[in-house]
Amino acid sequence: MSTLVEYESSERYLKSLLEGRRSECSSIVKDYLAEKHSFNELYENVLKIALYEVGRLWEYNKITVAAEHLATAITEGILNELYPYIIPNKYNGKKVVLTCVDKEEHQVGIKMVADVFELNKWESFLLGRGFPTVELIKFIDKIKPDVLAISLSVYFNFGNLKRMLTDINSIYPMLPIIVGGQALLHFSTSFLDEFPTVTYLTDLQQLEDFILKF
Ligand code: B12
């Protein structure tokens, strides 16, 4: 549940984002964290909310494509800026490979997911936007992760997700896979019944619970 502080921070962040003011965005984020909010709270209640609103404004032609691109670039820059505060002193020996579904271009969400793993001392191998599954399989073979995380944002890539799960599952039937992303909100998750090693997680809090129980 978002508090008033979170609502105000998200509004101020959105305003600065739309004006393209990178340093102001950076200050808002640092002030928010200085108020003892967690990274999960920052990501869910400030950055995600602002970017969803950017998407809505873009959908209704209220902002330009340039403004939308700038907003994403600033937010990705801020995630990179925060990385030194996220990286653990020592990893716990567990590894996660993170990627978007093949043909998926939205990578901010999966970057946040990688950070939550790092905050829990897992070593993360973030591949970002999607690419052919055959290349992903080669990478899994090399890294031998404990978990594979996949993100899906646009509904038309849903078929690619199912194909990826089928292909990966046929080679690594025991590999735990987590899937998430806003496109999955539009589908019944009953398709997961045929993939017993796949878990659907809706947000970073569910992810944190998954990691703590793993
Ligand atoms: C930025 C953006 C882009 C950028 C992405 C750049 C980048 N570097 O990522 C670009 C310009 C490439 C882009 C392209 C397109 N986009 Co776009 N985009 C957005 C926008 C504005 C923000 C995305 C974002 O970063 N959100 C913030 C993150 C933090 O949210 P999130 O991804 O949902 O992640 C959270 C959770 O879902 C979860 N999560 C995510 N993945 C995972 C994985 C696991 C394992 C777990 C546990 C959790 C988890 O964790 C995060 C924190 O809670 C959204 C608006 C929106 N609603 O998000 C539209 C949006 C996603 N885009 C949309 C569309 C339509 C497109 C295009 C088709 C436009 C076009 N005609 O070309 C293309 C598709 C390209 C492709 N093949 O993927 C639609 C999708 C509609 C739909 N129902 O599918 C949206 C919703 C905009 C809208 N309102 O219409 N886009």
# chains A, B, ... in the order shown; residues from 1 in each chain; ligands from 1

$ residues_near_ligand --ligand "ligand 1" --cutoff "6 Å" --atoms "only C-alpha atoms and all ligand atoms" --output "tab-separated table (two decimals) with C-alpha atoms, in the first residue's frame"
chain	number	residue	atom	x	y	z
A	44	GLU	CA	7.37	-0.43	-6.84
A	48	LYS	CA	7.21	1.83	-11.59
A	51	LEU	CA	6.76	4.84	-15.78
A	52	TYR	CA	3.27	3.32	-15.97
A	54	VAL	CA	4.41	7.77	-18.78
A	55	GLY	CA	3.04	4.79	-20.76
A	56	ARG	CA	-0.55	5.94	-20.24
A	59	GLU	CA	-0.83	5.84	-25.27
A	69	HIS	CA	12.31	7.48	-24.39
A	72	THR	CA	13.06	5.45	-19.63
A	103	LYS	CA	11.62	-10.19	-29.07
A	104	GLU	CA	10.76	-8.29	-25.87
A	105	GLU	CA	12.31	-4.79	-25.67
A	106	HIS	CA	11.15	-3.75	-22.18
A	107	GLN	CA	14.00	-4.31	-19.76
A	108	VAL	CA	13.50	-1.95	-16.79
A	109	GLY	CA	11.40	-4.47	-14.81
A	110	ILE	CA	13.90	-7.32	-15.18
A	113	VAL	CA	14.38	-8.09	-10.45
A	149	ALA	CA	14.08	-15.37	-14.46
A	150	ILE	CA	12.05	-14.28	-17.52
A	151	SER	CA	10.09	-11.05	-18.08
A	153	SER	CA	5.73	-6.93	-20.97
A	154	VAL	CA	3.73	-6.94	-24.20
A	155	TYR	CA	0.92	-9.40	-24.74
A	178	ILE	CA	10.34	-17.65	-12.45
A	179	VAL	CA	8.24	-15.55	-14.81
A	180	GLY	CA	6.77	-12.08	-14.30
A	181	GLY	CA	5.85	-8.86	-16.06
A	182	GLN	CA	2.72	-6.84	-16.69
A	183	ALA	CA	1.59	-8.75	-19.82
A	201	LEU	CA	5.43	-13.88	-9.40
A	202	THR	CA	3.50	-10.63	-9.74
A	203	ASP	CA	5.80	-8.15	-8.00
A	204	LEU	CA	9.02	-7.57	-6.11
A	207	LEU	CA	9.98	-12.18	-5.49

$ residues_around --residues "Glu68 (chain A)" --least-positions-apart "5" --cutoff "12 Å" --atoms "only C-alpha atoms" --output "PDB file with C-alpha atoms, in the first residue's frame"
ATOM      1  CA  LEU A  14       7.133  11.928 -12.816  1.00  0.00           C
ATOM      2  CA  LEU A  17      11.023  12.868 -15.692  1.00  0.00           C
ATOM      3  CA  LEU A  18       8.664  14.539 -18.145  1.00  0.00           C
ATOM      4  CA  GLU A  19      10.774  17.695 -18.037  1.00  0.00           C
ATOM      5  CA  GLY A  20      13.861  15.552 -18.715  1.00  0.00           C
ATOM      6  CA  ALA A  50       5.839   6.980 -12.746  1.00  0.00           C
ATOM      7  CA  LEU A  51       6.760   4.839 -15.779  1.00  0.00           C
ATOM      8  CA  TYR A  52       3.267   3.322 -15.968  1.00  0.00           C
ATOM      9  CA  GLU A  53       1.877   6.864 -16.047  1.00  0.00           C
ATOM     10  CA  VAL A  54       4.408   7.766 -18.784  1.00  0.00           C
ATOM     11  CA  GLY A  55       3.038   4.786 -20.756  1.00  0.00           C
ATOM     12  CA  ARG A  56      -0.551   5.938 -20.244  1.00  0.00           C
ATOM     13  CA  LEU A  57       0.250   9.512 -21.349  1.00  0.00           C
ATOM     14  CA  TRP A  58       2.074   8.167 -24.400  1.00  0.00           C
ATOM     15  CA  GLU A  59      -0.834   5.844 -25.270  1.00  0.00           C
ATOM     16  CA  ASN A  61      -0.784  11.032 -27.280  1.00  0.00           C
ATOM     17  CA  LYS A  62      -0.303  13.431 -24.368  1.00  0.00           C
ATOM     18  CA  ILE A  63       3.487  13.197 -24.579  1.00  0.00           C
ATOM     19  CA  ALA A  73      16.683   6.424 -20.267  1.00  0.00           C
ATOM     20  CA  ILE A  74      16.759   8.580 -17.118  1.00  0.00           C
ATOM     21  CA  THR A  75      15.246   5.783 -15.023  1.00  0.00           C
TER      22      THR A  75
END

$ select_by_dssp --residues "region 28-107 of chain A" --states "strand (DSSP E)" --output "JSON, numbers by chain"
{"A": [95, 96, 97, 98, 99, 100]}

$ closest_residue --among "A:Glu123, A:Gly93, A:Ala34, A:Val46" --to "Lys15 (chain A)" --atoms "only C-alpha atoms"
A:Val46

$ residues_around --residues "Leu126 (chain A)" --least-positions-apart "3" --cutoff "12 Å" --atoms "only C-alpha atoms" --output "number ranges by chain"
A: 95-100, 107-115, 117-118, 122-123, 129-130, 136, 139-140, 143, 145, 148-151

$ atom_distance --atom1 "CA of Val147 (chain A)" --atom2 "CA of Pro84 (chain A)"
23.3 Å

$ select_by_dssp --residues "region 46-141 of chain A" --states "alpha helix (DSSP H)" --output "MDAnalysis selection string"
chainID A and resid 48:59 65:86 108:119 133:141

$ write_last_selection --atoms "C-alpha atoms" --output "compact mmCIF listing (two decimals), in the first residue's frame"
# COMPACT_ATOMS: atom_id res chain seq x y z
CA LYS A 48 7.21 1.83 -11.59
CA ILE A 49 4.21 4.05 -10.91
CA ALA A 50 5.84 6.98 -12.75
CA LEU A 51 6.76 4.84 -15.78
CA TYR A 52 3.27 3.32 -15.97
CA GLU A 53 1.88 6.86 -16.05
CA VAL A 54 4.41 7.77 -18.78
CA GLY A 55 3.04 4.79 -20.76
CA ARG A 56 -0.55 5.94 -20.24
CA LEU A 57 0.25 9.51 -21.35
CA TRP A 58 2.07 8.17 -24.40
CA GLU A 59 -0.83 5.84 -25.27
CA VAL A 65 7.84 9.45 -28.17
CA ALA A 66 11.00 11.43 -27.31
CA ALA A 67 9.63 12.25 -23.84
CA GLU A 68 8.83 8.57 -23.27
CA HIS A 69 12.31 7.48 -24.39
CA LEU A 70 13.95 10.14 -22.22
CA ALA A 71 11.92 9.05 -19.18
CA THR A 72 13.06 5.45 -19.63
CA ALA A 73 16.68 6.42 -20.27
CA ILE A 74 16.76 8.58 -17.12
CA THR A 75 15.25 5.78 -15.02
CA GLU A 76 17.68 3.19 -16.39
CA GLY A 77 20.51 5.66 -15.62
CA ILE A 78 19.26 5.96 -12.04
CA LEU A 79 19.18 2.18 -11.63
CA ASN A 80 22.83 2.11 -12.79
CA GLU A 81 23.65 4.96 -10.39
CA LEU A 82 22.22 2.95 -7.46
CA TYR A 83 24.10 -0.25 -8.32
CA PRO A 84 27.11 0.43 -6.02
CA TYR A 85 24.66 0.54 -3.07
CA ILE A 86 23.09 -2.75 -4.12
CA VAL A 108 13.50 -1.95 -16.79
CA GLY A 109 11.40 -4.47 -14.81
CA ILE A 110 13.90 -7.32 -15.18
CA LYS A 111 16.72 -4.95 -14.12
CA MET A 112 14.80 -4.33 -10.89
CA VAL A 113 14.38 -8.09 -10.45
CA ALA A 114 18.18 -8.51 -10.84
CA ASP A 115 18.73 -5.89 -8.12
CA VAL A 116 16.43 -7.72 -5.69
CA PHE A 117 18.51 -10.88 -6.19
CA GLU A 118 21.75 -8.92 -5.63
CA LEU A 119 20.31 -7.34 -2.47
CA THR A 133 16.39 -18.95 -27.05
CA VAL A 134 19.18 -21.01 -28.62
CA GLU A 135 21.67 -18.37 -27.40
CA LEU A 136 20.05 -18.30 -23.97
CA ILE A 137 20.42 -22.07 -23.70
CA LYS A 138 24.15 -21.79 -24.47
CA PHE A 139 24.46 -19.19 -21.72
CA ILE A 140 22.56 -21.33 -19.18
CA ASP A 141 24.90 -24.18 -20.06

$ residues_around --residues "Asp31 (chain A)" --least-positions-apart "4" --cutoff "12 Å" --atoms "only C-alpha atoms" --output "number ranges by chain"
A: 5-6, 9, 12-13, 24-27, 35-38, 42

$ decode --residues "region 97-119 of chain A" --atoms "N, CA and C atoms" --output "CSV table (one decimal), in the first residue's frame"
chain,number,residue,atom,x,y,z
A,97,VAL,N,20.2,-16.2,-13.8
A,97,VAL,CA,20.3,-15.7,-15.1
A,97,VAL,C,18.9,-15.0,-15.4
A,98,LEU,N,19.0,-13.7,-15.8
A,98,LEU,CA,17.8,-13.0,-16.1
A,98,LEU,C,17.7,-12.5,-17.5
A,99,THR,N,16.5,-12.6,-18.1
A,99,THR,CA,16.3,-12.2,-19.5
A,99,THR,C,14.9,-11.8,-19.7
A,100,CYS,N,14.7,-11.1,-20.8
A,100,CYS,CA,13.3,-10.8,-21.3
A,100,CYS,C,13.0,-12.0,-22.3
A,101,VAL,N,11.7,-12.1,-22.5
A,101,VAL,CA,11.2,-13.1,-23.5
A,101,VAL,C,11.8,-12.7,-24.9
A,102,ASP,N,12.0,-13.6,-25.7
A,102,ASP,CA,12.5,-13.4,-27.1
A,102,ASP,C,11.6,-12.3,-27.7
A,103,LYS,N,12.3,-11.3,-28.4
A,103,LYS,CA,11.6,-10.2,-29.1
A,103,LYS,C,11.1,-9.1,-28.1
A,104,GLU,N,11.3,-9.3,-26.8
A,104,GLU,CA,10.8,-8.3,-25.9
A,104,GLU,C,11.8,-7.2,-25.7
A,105,GLU,N,11.4,-5.9,-25.8
A,105,GLU,CA,12.3,-4.8,-25.7
A,105,GLU,C,12.3,-4.1,-24.3
A,106,HIS,N,11.3,-4.4,-23.5
A,106,HIS,CA,11.2,-3.7,-22.2
A,106,HIS,C,12.0,-4.4,-21.1
A,107,GLN,N,13.0,-3.7,-20.7
A,107,GLN,CA,14.0,-4.3,-19.8
A,107,GLN,C,14.1,-3.7,-18.4
A,108,VAL,N,13.4,-2.6,-18.1
A,108,VAL,CA,13.5,-2.0,-16.8
A,108,VAL,C,13.1,-2.9,-15.7
A,109,GLY,N,11.9,-3.6,-15.9
A,109,GLY,CA,11.4,-4.5,-14.8
A,109,GLY,C,12.4,-5.6,-14.5
A,110,ILE,N,13.0,-6.2,-15.5
A,110,ILE,CA,13.9,-7.3,-15.2
A,110,ILE,C,15.2,-6.8,-14.5
A,111,LYS,N,15.6,-5.5,-14.8
A,111,LYS,CA,16.7,-4.9,-14.1
A,111,LYS,C,16.4,-4.8,-12.6
A,112,MET,N,15.2,-4.4,-12.3
A,112,MET,CA,14.8,-4.3,-10.9
A,112,MET,C,14.8,-5.7,-10.2
A,113,VAL,N,14.4,-6.7,-11.0
A,113,VAL,CA,14.4,-8.1,-10.5
A,113,VAL,C,15.8,-8.5,-10.1
A,114,ALA,N,16.8,-8.2,-11.1
A,114,ALA,CA,18.2,-8.5,-10.8
A,114,ALA,C,18.7,-7.9,-9.6
A,115,ASP,N,18.3,-6.6,-9.3
A,115,ASP,CA,18.7,-5.9,-8.1
A,115,ASP,C,18.2,-6.6,-6.9
A,116,VAL,N,17.0,-7.1,-6.9
A,116,VAL,CA,16.4,-7.7,-5.7
A,116,VAL,C,17.2,-9.0,-5.4
A,117,PHE,N,17.6,-9.7,-6.4
A,117,PHE,CA,18.5,-10.9,-6.2
A,117,PHE,C,19.8,-10.4,-5.6
A,118,GLU,N,20.4,-9.4,-6.1
A,118,GLU,CA,21.7,-8.9,-5.6
A,118,GLU,C,21.6,-8.5,-4.2
A,119,LEU,N,20.5,-7.8,-3.9
A,119,LEU,CA,20.3,-7.3,-2.5
A,119,LEU,C,20.2,-8.5,-1.5
